[in-house]
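Dropping protein.txt in here (compact mmCIF, C-alpha atoms and all ligand atoms):
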# COMPACT_ATOMS: atom_id res chain seq x y z
CA MET A 1 -25.77 31.34 25.41
CA LYS A 2 -22.66 29.90 23.78
CA ASP A 3 -22.98 26.53 22.09
CA ARG A 4 -26.58 25.90 23.13
CA PHE A 5 -26.83 23.02 20.65
CA LEU A 6 -23.95 20.88 21.92
CA CYS A 7 -24.82 21.65 25.57
CA SER A 8 -28.36 20.44 24.93
CA LEU A 9 -27.09 17.24 23.27
CA LYS A 10 -24.96 16.58 26.34
CA GLY A 11 -28.12 16.80 28.44
CA GLN A 12 -27.13 20.10 30.08
CA LYS A 13 -29.79 22.64 30.97
CA VAL A 14 -30.24 25.35 28.29
CA ASP A 15 -32.14 28.65 28.52
CA HIS A 16 -34.31 27.69 25.52
CA PRO A 17 -34.27 24.91 22.92
CA PRO A 18 -31.54 25.28 20.29
CA ILE A 19 -32.96 26.59 17.01
CA TRP A 20 -32.02 26.00 13.40
CA PHE A 21 -33.90 25.36 10.15
CA MET A 22 -33.27 22.76 7.49
CA ARG A 23 -32.53 24.58 4.19
CA GLN A 24 -31.89 27.77 6.15
CA ALA A 25 -29.35 28.70 3.46
CA GLY A 26 -31.19 29.06 0.22
CA ARG A 27 -33.62 30.66 -2.16
CA PHE A 28 -36.09 32.12 0.37
CA LEU A 29 -33.32 34.59 1.35
CA PHE A 30 -32.99 37.69 -0.81
CA GLU A 31 -29.24 37.77 -0.15
CA TYR A 32 -28.89 34.19 -1.45
CA ARG A 33 -30.83 35.00 -4.65
CA PHE A 34 -28.66 38.08 -5.11
CA LEU A 35 -25.41 36.10 -4.84
CA ARG A 36 -26.87 33.34 -7.01
CA SER A 37 -27.88 35.77 -9.78
CA LYS A 38 -24.32 37.06 -10.02
CA SER A 39 -22.85 33.57 -10.49
CA GLY A 40 -23.34 30.63 -12.83
CA SER A 41 -25.38 27.48 -12.30
CA PHE A 42 -26.23 26.00 -8.90
CA LEU A 43 -23.54 23.39 -9.48
CA ASP A 44 -20.92 26.09 -10.21
CA LEU A 45 -21.83 27.68 -6.89
CA CYS A 46 -21.47 24.38 -5.07
CA PHE A 47 -17.86 24.16 -6.29
CA SER A 48 -16.88 27.65 -5.17
CA SER A 49 -15.43 27.79 -1.65
CA ASP A 50 -16.15 31.54 -1.51
CA PHE A 51 -19.80 30.98 -2.34
CA ILE A 52 -20.11 28.08 0.14
CA VAL A 53 -18.71 30.27 2.93
CA ALA A 54 -20.97 33.21 2.06
CA ALA A 55 -24.17 31.16 1.66
CA THR A 56 -23.54 29.12 4.82
CA LEU A 57 -23.07 32.26 6.92
CA GLN A 58 -25.99 34.26 5.45
CA PRO A 59 -28.67 32.80 7.76
CA ILE A 60 -26.60 33.31 10.91
CA LYS A 61 -25.96 36.94 9.99
CA ARG A 62 -29.70 37.52 9.68
CA TYR A 63 -31.08 35.33 12.49
CA ASP A 64 -30.14 34.31 16.02
CA LEU A 65 -29.54 30.61 15.24
CA ASP A 66 -27.79 27.84 17.16
CA ALA A 67 -26.24 25.98 14.23
CA VAL A 68 -25.21 26.42 10.63
CA ILE A 69 -25.29 23.73 7.98
CA VAL A 70 -22.65 23.75 5.29
CA PHE A 71 -24.03 24.97 1.99
CA SER A 72 -23.64 22.04 -0.39
CA ASP A 73 -25.77 19.26 -1.85
CA ILE A 74 -26.07 15.54 -1.23
CA LEU A 75 -25.79 14.89 -4.98
CA LEU A 76 -22.22 16.16 -5.30
CA LEU A 77 -20.93 12.79 -4.09
CA PRO A 78 -22.46 10.76 -6.98
CA PHE A 79 -21.39 13.55 -9.34
CA LEU A 80 -17.80 13.25 -8.18
CA MET A 81 -18.05 9.45 -8.50
CA GLY A 82 -18.64 9.95 -12.21
CA LEU A 83 -22.38 10.55 -12.82
CA LYS A 84 -23.12 13.56 -15.00
CA LEU A 85 -25.37 15.93 -13.05
CA GLU A 86 -27.41 18.98 -14.01
CA PHE A 87 -29.75 21.11 -11.91
CA VAL A 88 -32.51 22.62 -14.01
CA ASP A 89 -34.20 25.66 -12.46
CA GLY A 90 -37.71 24.78 -11.37
CA LEU A 91 -37.30 21.06 -12.18
CA GLY A 92 -34.50 19.92 -9.88
CA PRO A 93 -31.59 17.54 -10.40
CA PHE A 94 -30.99 15.27 -13.41
CA PHE A 95 -28.40 12.53 -13.80
CA LEU A 96 -27.76 12.22 -17.55
CA ASN A 97 -26.31 8.68 -17.30
CA PRO A 98 -28.34 6.98 -14.54
CA ILE A 99 -27.31 3.64 -13.07
CA ARG A 100 -29.27 0.74 -14.54
CA ASN A 101 -26.97 -2.31 -14.21
CA VAL A 102 -23.78 -3.65 -12.68
CA ASP A 103 -21.62 -2.29 -15.54
CA ASP A 104 -22.83 1.21 -14.70
CA ILE A 105 -21.84 0.65 -11.06
CA ASN A 106 -18.41 -0.61 -12.06
CA LYS A 107 -17.83 2.61 -13.98
CA LEU A 108 -18.29 4.66 -10.78
CA HIS A 109 -14.99 5.51 -9.20
CA ASP A 110 -14.24 5.98 -5.52
CA ILE A 111 -13.78 9.56 -4.44
CA CYS A 112 -10.21 10.66 -3.97
CA PHE A 113 -10.17 12.17 -0.47
CA VAL A 114 -9.44 14.96 0.35
CA LYS A 115 -8.60 16.17 -3.14
CA ASP A 116 -12.02 15.79 -4.83
CA PHE A 117 -13.89 17.56 -2.05
CA ILE A 118 -11.25 20.14 -1.16
CA PHE A 119 -13.52 23.05 -2.22
CA VAL A 120 -16.11 22.07 0.45
CA LEU A 121 -13.50 21.14 3.05
CA ASN A 122 -11.59 24.41 2.71
CA ALA A 123 -14.89 26.27 3.04
CA ILE A 124 -15.73 24.31 6.21
CA ASN A 125 -12.38 25.30 7.62
CA ILE A 126 -12.99 29.01 6.98
CA ILE A 127 -16.58 28.90 8.27
CA VAL A 128 -15.55 27.20 11.52
CA LYS A 129 -12.92 29.88 12.17
CA GLU A 130 -15.54 32.59 11.57
CA LEU A 131 -17.98 30.93 13.95
CA ASN A 132 -15.41 30.99 16.70
CA ASP A 133 -16.86 27.97 18.57
CA ASP A 134 -20.04 29.93 19.39
CA VAL A 135 -22.27 27.76 17.21
CA PRO A 136 -21.44 24.39 15.65
CA LEU A 137 -21.22 23.65 11.94
CA ILE A 138 -23.29 20.68 10.77
CA GLY A 139 -21.70 18.57 8.04
CA PHE A 140 -23.85 16.13 6.10
CA SER A 141 -24.37 13.45 3.51
CA GLY A 142 -27.32 11.72 1.89
CA SER A 143 -27.99 8.13 2.98
CA PRO A 144 -26.84 5.42 0.55
CA TRP A 145 -30.48 4.57 -0.25
CA THR A 146 -31.52 8.19 -0.95
CA LEU A 147 -28.46 8.77 -3.15
CA ALA A 148 -29.13 5.48 -4.95
CA VAL A 149 -32.73 6.59 -5.64
CA TYR A 150 -31.48 9.68 -7.51
CA MET A 151 -28.65 7.79 -9.22
CA VAL A 152 -30.90 5.03 -10.52
CA GLU A 153 -34.03 7.07 -11.30
CA GLY A 154 -31.97 9.92 -12.81
CA LYS A 155 -34.45 12.55 -11.66
CA ILE A 156 -37.20 13.35 -9.17
CA THR A 157 -39.77 10.59 -9.55
CA LYS A 158 -43.31 9.76 -8.46
CA ASN A 159 -43.33 5.97 -8.48
CA PHE A 160 -39.66 4.98 -7.95
CA SER A 161 -40.03 2.18 -10.50
CA PHE A 162 -36.38 1.92 -11.66
CA ILE A 163 -34.91 1.66 -8.18
CA LYS A 164 -37.66 -0.72 -7.05
CA LYS A 165 -37.18 -2.84 -10.17
CA LEU A 166 -33.54 -3.19 -9.16
CA LEU A 167 -34.56 -4.01 -5.59
CA TYR A 168 -37.04 -6.74 -6.59
CA SER A 169 -35.26 -8.24 -9.57
CA ASN A 170 -31.57 -7.68 -8.94
CA THR A 171 -31.09 -7.28 -5.21
CA ASN A 172 -27.37 -8.05 -5.21
CA VAL A 173 -26.68 -5.31 -7.74
CA LEU A 174 -28.50 -2.80 -5.53
CA HIS A 175 -26.48 -3.93 -2.51
CA THR A 176 -23.27 -3.50 -4.54
CA LEU A 177 -24.24 0.11 -5.24
CA LEU A 178 -25.28 0.80 -1.64
CA LYS A 179 -22.02 -0.69 -0.32
CA LYS A 180 -19.96 1.45 -2.68
CA LEU A 181 -21.83 4.55 -1.55
CA GLU A 182 -21.47 3.58 2.10
CA LYS A 183 -17.68 3.43 1.82
CA ASN A 184 -17.42 6.83 0.12
CA ILE A 185 -19.87 8.46 2.54
CA ILE A 186 -17.84 7.24 5.54
CA ASN A 187 -14.69 8.79 4.08
CA TYR A 188 -16.47 12.02 3.21
CA LEU A 189 -17.96 12.43 6.68
CA CYS A 190 -14.59 11.71 8.37
CA CYS A 191 -13.00 14.44 6.21
CA GLN A 192 -15.73 16.89 7.23
CA ILE A 193 -14.84 16.21 10.88
CA ASP A 194 -11.13 16.74 10.13
CA TYR A 195 -11.91 20.15 8.67
CA GLY A 196 -14.12 21.28 11.56
CA ALA A 197 -17.70 19.91 11.35
CA LYS A 198 -18.93 19.39 14.94
CA ILE A 199 -22.18 17.53 14.20
CA LEU A 200 -23.05 15.25 11.27
CA MET A 201 -26.42 14.69 9.65
CA ILE A 202 -27.64 11.95 7.32
CA PHE A 203 -30.51 12.88 5.01
CA ASP A 204 -32.65 9.87 4.21
CA THR A 205 -35.33 11.78 2.33
CA TRP A 206 -36.59 8.71 0.44
CA GLY A 207 -36.38 6.03 3.16
CA GLY A 208 -40.16 6.23 3.52
CA VAL A 209 -40.84 4.95 -0.01
CA LEU A 210 -39.54 1.51 0.98
CA PRO A 211 -42.03 -1.00 2.38
CA ILE A 212 -41.42 -0.87 6.11
CA PHE A 213 -39.98 -4.42 6.29
CA TYR A 214 -37.36 -3.52 3.65
CA TYR A 215 -36.44 -0.17 5.18
CA LYS A 216 -34.06 -1.80 7.64
CA LEU A 217 -32.26 -3.89 5.04
CA PHE A 218 -31.88 -1.29 2.29
CA SER A 219 -31.54 1.94 4.20
CA PHE A 220 -31.33 1.81 7.98
CA ASP A 221 -28.60 -0.85 8.27
CA TYR A 222 -26.38 1.13 5.91
CA ILE A 223 -26.93 4.34 7.90
CA ILE A 224 -26.09 2.55 11.16
CA ASN A 225 -22.94 1.09 9.62
CA ILE A 226 -21.81 4.52 8.48
CA ILE A 227 -22.41 6.02 11.93
CA LYS A 228 -20.55 3.12 13.62
CA GLU A 229 -17.52 3.52 11.35
CA VAL A 230 -17.38 7.32 11.61
CA LYS A 231 -17.78 7.21 15.39
CA LEU A 232 -14.84 4.81 15.60
CA TYR A 233 -12.85 7.55 13.89
CA LYS A 234 -14.23 10.34 16.07
CA ASN A 235 -17.27 10.33 18.30
CA VAL A 236 -19.27 13.30 16.98
CA PRO A 237 -23.06 13.55 17.42
CA PHE A 238 -25.16 12.23 14.52
CA ILE A 239 -28.57 13.45 13.41
CA ILE A 240 -30.67 11.19 11.22
CA PHE A 241 -33.43 12.78 9.16
CA SER A 242 -36.31 10.38 9.07
CA LYS A 243 -38.77 11.25 6.35
CA GLY A 244 -41.68 8.81 6.41
CA ILE A 245 -40.13 6.24 8.75
CA ASN A 246 -41.40 7.27 12.18
CA ARG A 247 -43.34 4.01 12.51
CA PHE A 248 -40.16 2.01 11.95
CA LEU A 249 -38.21 4.11 14.45
CA PHE A 250 -40.83 3.83 17.19
CA ASP A 251 -40.74 0.01 16.86
CA PHE A 252 -36.96 0.12 16.81
CA PHE A 253 -36.90 2.17 20.04
CA LYS A 254 -39.14 -0.42 21.73
CA ASN A 255 -36.78 -3.29 20.94
CA GLU A 256 -33.36 -1.73 20.96
CA SER A 257 -31.60 -0.14 23.92
CA ASN A 258 -28.15 0.32 22.38
CA ILE A 259 -28.82 3.19 19.95
CA ILE A 260 -25.90 4.67 18.11
CA PHE A 261 -27.34 7.92 16.70
CA ASP A 262 -27.85 10.98 18.90
CA VAL A 263 -30.68 12.97 17.31
CA VAL A 264 -33.71 12.11 15.20
CA SER A 265 -35.03 14.85 12.96
CA PHE A 266 -38.74 14.02 12.68
CA ASP A 267 -40.95 14.88 9.73
CA ASP A 268 -44.32 16.56 10.31
CA SER A 269 -46.48 13.44 10.10
CA ASP A 270 -46.75 12.72 13.85
CA ASP A 271 -47.93 14.84 16.72
CA MET A 272 -45.09 16.08 18.94
CA PHE A 273 -46.85 14.58 21.97
CA SER A 274 -46.55 11.10 20.51
CA ILE A 275 -42.94 11.69 19.39
CA VAL A 276 -41.95 12.76 22.92
CA ASN A 277 -43.69 9.71 24.38
CA LYS A 278 -42.19 7.21 21.98
CA THR A 279 -38.59 8.43 21.85
CA PRO A 280 -36.16 7.33 24.60
CA VAL A 281 -34.95 10.21 26.78
CA ASN A 282 -31.31 9.76 25.78
CA ILE A 283 -32.13 10.46 22.10
CA ALA A 284 -32.56 14.13 21.16
CA ILE A 285 -35.70 15.07 19.23
CA GLN A 286 -35.48 17.55 16.39
CA GLY A 287 -38.38 18.84 14.29
CA ASN A 288 -41.27 18.61 13.42
CA LEU A 289 -43.05 21.83 12.47
CA ASP A 290 -44.89 21.56 9.14
CA PRO A 291 -42.86 23.86 6.81
CA CYS A 292 -46.14 25.13 5.31
CA VAL A 293 -47.14 26.70 8.64
CA LEU A 294 -44.62 29.40 7.71
CA TYR A 295 -47.05 30.56 4.98
CA SER A 296 -49.66 31.55 7.56
CA ASP A 297 -50.25 34.82 9.43
CA ASP A 298 -48.54 35.81 12.70
CA LEU A 299 -51.45 34.79 14.89
CA PHE A 300 -51.77 31.30 13.44
CA ILE A 301 -48.00 30.71 13.45
CA SER A 302 -47.81 31.86 17.05
CA LYS A 303 -50.63 29.58 18.19
CA TYR A 304 -49.30 26.60 16.24
CA VAL A 305 -45.73 26.95 17.53
CA ASN A 306 -46.92 27.55 21.11
CA ASP A 307 -49.08 24.40 20.96
CA MET A 308 -46.11 22.41 19.72
CA LEU A 309 -43.75 23.84 22.36
CA LYS A 310 -46.20 22.91 25.11
CA LYS A 311 -45.58 19.26 24.20
CA CYS A 312 -41.79 19.30 24.06
CA TYR A 313 -40.37 22.44 25.67
CA ASN A 314 -39.59 20.75 28.97
CA ARG A 315 -38.06 17.71 27.41
CA ASN A 316 -34.33 17.61 27.78
CA LYS A 317 -32.66 17.24 24.39
CA TYR A 318 -35.21 18.95 22.17
CA ILE A 319 -34.03 20.98 19.18
CA PHE A 320 -36.38 23.21 17.29
CA ASN A 321 -36.59 22.60 13.53
CA LEU A 322 -39.08 22.04 10.75
CA GLY A 323 -40.30 18.65 9.53
CA HIS A 324 -38.51 19.34 6.20
CA GLY A 325 -36.63 22.25 4.63
CA VAL A 326 -37.76 25.88 4.37
CA TYR A 327 -39.61 26.32 1.06
CA PRO A 328 -38.22 28.88 -1.41
CA ASP A 329 -41.33 31.10 -1.41
CA VAL A 330 -41.56 31.52 2.36
CA ASN A 331 -41.37 35.05 3.78
CA PRO A 332 -38.00 35.34 5.64
CA TYR A 333 -39.81 37.27 8.36
CA SER A 334 -41.73 34.15 9.49
CA LEU A 335 -38.45 32.52 10.62
CA GLU A 336 -37.68 35.56 12.74
CA LEU A 337 -41.16 35.39 14.22
CA ILE A 338 -40.72 31.74 15.17
CA ILE A 339 -37.30 32.39 16.73
CA ASN A 340 -38.86 35.16 18.87
CA ILE A 341 -41.79 32.94 19.90
CA ILE A 342 -39.37 30.24 21.10
CA LYS A 343 -37.16 32.71 22.95
CA MET A 344 -40.12 34.31 24.70
CA TYR A 345 -42.02 31.07 25.43
CA LYS A 346 -43.09 30.66 29.06
CA ASN A 347 -44.34 27.32 30.38
O1 LIG A 401 -29.47 25.17 4.32
C1 LIG A 401 -29.27 24.07 3.80
O2 LIG A 401 -29.84 23.05 4.17
C2 LIG A 401 -28.22 24.11 2.70
C3 LIG A 401 -27.69 22.99 2.06
C4 LIG A 401 -28.51 21.90 1.36
C5 LIG A 401 -28.96 21.94 -0.02
N1 LIG A 401 -29.41 20.68 -0.32
C6 LIG A 401 -28.86 23.08 -0.93
C7 LIG A 401 -29.72 23.13 -2.13
C8 LIG A 401 -28.80 20.63 1.86
C9 LIG A 401 -28.57 20.09 3.28
C10 LIG A 401 -29.36 19.87 0.79
C11 LIG A 401 -29.75 18.46 0.94
C12 LIG A 401 -30.49 17.81 -0.13
N2 LIG A 401 -30.33 17.97 -1.50
C13 LIG A 401 -31.45 16.78 0.07
C14 LIG A 401 -31.87 16.21 1.42
C15 LIG A 401 -32.80 17.08 2.17
C16 LIG A 401 -34.16 17.27 1.53
O3 LIG A 401 -34.43 18.44 1.20
O4 LIG A 401 -34.91 16.32 1.42
C17 LIG A 401 -31.92 16.39 -1.20
C18 LIG A 401 -32.97 15.33 -1.47
C19 LIG A 401 -31.19 17.13 -2.19
C20 LIG A 401 -31.28 17.02 -3.66
C21 LIG A 401 -31.73 18.26 -4.30
N3 LIG A 401 -30.99 19.43 -4.35
C22 LIG A 401 -32.98 18.50 -4.95
C23 LIG A 401 -34.08 17.47 -5.09
C24 LIG A 401 -32.96 19.82 -5.39
C25 LIG A 401 -34.03 20.50 -6.20
C26 LIG A 401 -35.19 20.86 -5.38
C27 LIG A 401 -34.97 22.17 -4.67
O5 LIG A 401 -35.09 22.22 -3.44
O6 LIG A 401 -34.65 23.12 -5.39
C28 LIG A 401 -31.73 20.42 -4.97
C29 LIG A 401 -31.30 21.82 -5.21
C30 LIG A 401 -30.80 22.58 -4.03
N4 LIG A 401 -30.04 22.10 -3.01
C31 LIG A 401 -30.99 24.00 -3.84
C32 LIG A 401 -30.32 24.34 -2.65
C33 LIG A 401 -30.18 25.70 -2.04
C34 LIG A 401 -31.71 24.93 -4.76
C35 LIG A 401 -30.78 25.33 -5.83
C36 LIG A 401 -30.95 26.71 -6.37
O7 LIG A 401 -30.42 27.68 -5.80
O8 LIG A 401 -31.58 26.80 -7.42
Let's see the structure in the file written out as structure tokens.
Ligand code: CP3
Amino acid sequence: MKDRFLCSLKGQKVDHPPIWFMRQAGRFLFEYRFLRSKSGSFLDLCFSSDFIVAATLQPIKRYDLDAVIVFSDILLLPFLMGLKLEFVDGLGPFFLNPIRNVDDINKLHDICFVKDFIFVLNAINIIVKELNDDVPLIGFSGSPWTLAVYMVEGKITKNFSFIKKLLYSNTNVLHTLLKKLEKNIINYLCCQIDYGAKILMIFDTWGGVLPIFYYKLFSFDYIINIIKEVKLYKNVPFIIFSKGINRFLFDFFKNESNIIFDVVSFDDSDDMFSIVNKTPVNIAIQGNLDPCVLYSDDLFISKYVNDMLKKCYNRNKYIFNLGHGVYPDVNPYSLELIINIIKMYKN
């Protein structure tokens, strides 16, 4: 079926739930590792339009998927705003000059659109032509809070002490940073639409490290503002990735009827039954298969996925995905298995 994803978001009947995987383009694929080994660093790859096109299309050449996500990284935006970034194999990203005070924020410059991101935007343009309107391309950005976490901590962290120190001792400075990010993210997402992205996604990977009563103020409100502004420009569907904030969202759904985002990508912490019950019918549900289930054998995967489908298959606006990205050491065959299970599922 053509464009299963967008049909499902419009509430139209689809033959089976649309399927895609977060981090479907990446190291678990032999063909990605092959391309990667021939080129320079991860960052070099991120700046090559040819590589972006090739890596984005690899999963759709191998699997019958209903969406592609542009191969890029949320940390390119702070990099282009002036923070020196390195990705160290096995250790992840490092900012060599992390943000610690207002002077550091003042040194960040606004992105020059479309010039600074032209390598991604040109790639988006080529990918969309290749896809021929059969499946949509998902564009994305990190949330201001999640980007700020990396920019202030400088690296992957366990206790988030630098960013929380800023939050508790210099709140206005943190808001200045978040506001600056918000503005640049809005511009970046609008450019992605201009070049052909049909759906946009905001990754708020670290929203869940905030105490729940601060989540709204320091993360959610910024995300909502971004969505409002971008939708004024063009009304494309928005997915928010909610890692660790289900409790907040369920309360929000109880009290709020005018919801501006279209899809929530749920992590694996809640049972699908409760997600279906607590999410309003006009909001699409995406997720929430534990990515580690993909390590198991065929029988277990099949039982687990079938149990999950039982709880959500008949819900209008359900999109299959994992609760987080595919891990690099997963066997590519397990994705194919899951796709077949969904396609063959009978209620
Ligand atoms: O299929 C896709 O989803 C492709 C595009 C994509 C990447 N990063 C490529 C990538 C997307 C959507 C992201 C988002 C991203 N990047 C997030 C939000 C989603 C999440 O996973 O929580 C975050 C927090 C980052 C920051 C980041 N990038 C980290 C912490 C790391 C190191 C850890 C890791 O997964 O390796 C990266 C590197 C990264 N981003 C790789 C890829 C394919 C691995 C780089 C390599 O090839 O060595």
List all protein, DNA and RNA residues that have at least one atom no more than 9 Å from any atom of ligand LIG 401 (chain A), counting all atoms listed in the file, and write them as an MDAnalysis selection string.
chainID A and resid 21:27 32:33 36 41:43 45:46 55:56 59 68:75 87:93 139:142 146:147 150 155:156 201:206 241 243 324:328
Let me make sure I understand: among A:Asp194, A:Ser219, A:Asn184, A:Ile341, which one has the smallest atom-to-atom distance to Leu299 of chain A if we use all atoms listed in the file?
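Looking at the shortest contact to Leu299 of chain A, the residue is A:Ile341.
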Worksheet item: What gap, in Å, lies between atom CA of Ala284 of chain A and atom CA of Asn132 of chain A?
Response: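 Answer for the atom CA of Ala284 of chain A to atom CA of Asn132 of chain A separation: 24.5 Å.
In terms of minimum interatomic distance to Ile226 of chain A, A:Ile186 ranks closest within A:Ile186, A:Ile60, A:Ile342, A:Ile199, counting only C-alpha atoms.
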Problem - From A:Lys180, A:Ala67, A:Leu249, A:Thr171, residue lying nearest Leu108 of chain A [only C-alpha atoms] - result: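 For Leu108 of chain A, the nearest of the given residues is A:Lys180.
Nearest to Met272 of chain A of all the residues A:Lys129, A:Lys310, A:Lys303, A:Lys228 is A:Lys310, based on only C-alpha atoms.
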One decimal place gives the atom CA of Ser8 of chain A-atom CA of Phe28 of chain A separation as 28.3 Å
**Distance of atom CA of Leu83 of chain A from atom CA of Leu167 of chain A, expressed in Å to one decimal place** =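 Interatomic distance, atom CA of Leu167 of chain A to atom CA of Leu83 of chain A: 20.3 Å.
Distance annotation: of A:Asn277, A:Gln58, A:Thr176, A:Thr157, the residue with the minimal separation from Leu35 of chain A is A:Gln58; atom set is only C-alpha atoms.
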Find the residue from A:Asp50, A:Asp221, A:Asp64, A:Asp110 that sits nearest to Ile19 of chain A; use all atoms listed in the file when measuring.
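Ranked by minimum distance to Ile19 of chain A, first place goes to A:Asp64.
Omitting Lys2 of chain A and its sequence neighbours fewer than 3 positions away, and counting only C-alpha atoms, the residues within 9 Å are Phe5, Cys7, Asp66, Asp133, Asp134 and Val135 of chain A.
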Nearby residues (all atoms listed in the file) at most 7 Å from Trp145 of chain A, same-chain spacing under 2 positions excluded, as a PDB file with C-alpha atoms, keeping the file's coordinate frame:
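selection.pdb, freshly written:
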ATOM      1  CA  SER A 143     -27.990   8.130   2.980  1.00  0.00           C
ATOM      2  CA  LEU A 147     -28.460   8.770  -3.150  1.00  0.00           C
ATOM      3  CA  ALA A 148     -29.130   5.480  -4.950  1.00  0.00           C
ATOM      4  CA  VAL A 149     -32.730   6.590  -5.640  1.00  0.00           C
ATOM      5  CA  LEU A 178     -25.280   0.800  -1.640  1.00  0.00           C
ATOM      6  CA  GLY A 207     -36.380   6.030   3.160  1.00  0.00           C
ATOM      7  CA  PHE A 218     -31.880  -1.290   2.290  1.00  0.00           C
ATOM      8  CA  SER A 219     -31.540   1.940   4.200  1.00  0.00           C
TER       9      SER A 219
END
- Name the residues, using the chain letters and numbers of the file, that sit within 6 Å of (-32.3, 0.0, -4.9) when counting all atoms listed in the file, and give them as a PyMOL selection string. chain A and resi 163-164+166-167+174
Checklist entry - How would you write as number ranges by chain the residues that get within 10 Å of (-35.4, 9.9, 30.1) in the file's frame, counting all atoms listed in the file? => result A: 279-283, 315-317
Worksheet item: Which polymer residues have any atom within 8 Å of an atom of segment 188-191 of chain A, counting all atoms listed in the file, with same-chain residues fewer than 5 positions away left out, as a PyMOL selection string?
Response: chain A and resi 113-114+121+139-141+200+230+233-234
Return segment 330-335 of chain A, completed with all heavy atoms, as a JSON list (two decimals), keeping the file's coordinate frame.
[["chain", "number", "residue", "atom", "x", "y", "z"],
["A", 330, "VAL", "N", -41.15, 31.12, 1.01],
["A", 330, "VAL", "CA", -41.56, 31.52, 2.36],
["A", 330, "VAL", "C", -41.03, 32.93, 2.65],
["A", 330, "VAL", "O", -39.95, 33.31, 2.20],
["A", 330, "VAL", "CB", -40.99, 30.48, 3.37],
["A", 330, "VAL", "CG1", -40.70, 31.09, 4.71],
["A", 330, "VAL", "CG2", -41.94, 29.30, 3.51],
["A", 331, "ASN", "N", -41.81, 33.70, 3.39],
["A", 331, "ASN", "CA", -41.37, 35.05, 3.78],
["A", 331, "ASN", "C", -40.30, 34.93, 4.89],
["A", 331, "ASN", "O", -40.57, 34.35, 5.94],
["A", 331, "ASN", "CB", -42.60, 35.81, 4.31],
["A", 331, "ASN", "CG", -42.27, 37.25, 4.65],
["A", 331, "ASN", "OD1", -41.10, 37.60, 4.80],
["A", 331, "ASN", "ND2", -43.29, 38.06, 4.77],
["A", 332, "PRO", "N", -39.09, 35.48, 4.64],
["A", 332, "PRO", "CA", -38.00, 35.34, 5.64],
["A", 332, "PRO", "C", -38.40, 35.83, 7.03],
["A", 332, "PRO", "O", -37.88, 35.37, 8.03],
["A", 332, "PRO", "CB", -36.88, 36.22, 5.08],
["A", 332, "PRO", "CG", -37.19, 36.39, 3.64],
["A", 332, "PRO", "CD", -38.66, 36.24, 3.46],
["A", 333, "TYR", "N", -39.37, 36.73, 7.08],
["A", 333, "TYR", "CA", -39.81, 37.27, 8.36],
["A", 333, "TYR", "C", -40.41, 36.17, 9.26],
["A", 333, "TYR", "O", -40.29, 36.22, 10.49],
["A", 333, "TYR", "CB", -40.82, 38.41, 8.12],
["A", 333, "TYR", "CG", -41.71, 38.67, 9.30],
["A", 333, "TYR", "CD1", -41.22, 39.36, 10.41],
["A", 333, "TYR", "CD2", -43.03, 38.20, 9.32],
["A", 333, "TYR", "CE1", -42.03, 39.57, 11.51],
["A", 333, "TYR", "CE2", -43.84, 38.40, 10.41],
["A", 333, "TYR", "CZ", -43.34, 39.09, 11.52],
["A", 333, "TYR", "OH", -44.14, 39.28, 12.60],
["A", 334, "SER", "N", -41.06, 35.15, 8.65],
["A", 334, "SER", "CA", -41.73, 34.15, 9.49],
["A", 334, "SER", "C", -40.70, 33.33, 10.31],
["A", 334, "SER", "O", -41.03, 32.83, 11.38],
["A", 334, "SER", "CB", -42.64, 33.24, 8.67],
["A", 334, "SER", "OG", -41.94, 32.69, 7.61],
["A", 335, "LEU", "N", -39.47, 33.23, 9.83],
["A", 335, "LEU", "CA", -38.45, 32.52, 10.62],
["A", 335, "LEU", "C", -38.09, 33.35, 11.86],
["A", 335, "LEU", "O", -37.92, 32.82, 12.96],
["A", 335, "LEU", "CB", -37.19, 32.25, 9.80],
["A", 335, "LEU", "CG", -37.22, 31.03, 8.88],
["A", 335, "LEU", "CD1", -38.01, 31.31, 7.62],
["A", 335, "LEU", "CD2", -35.82, 30.58, 8.52]]
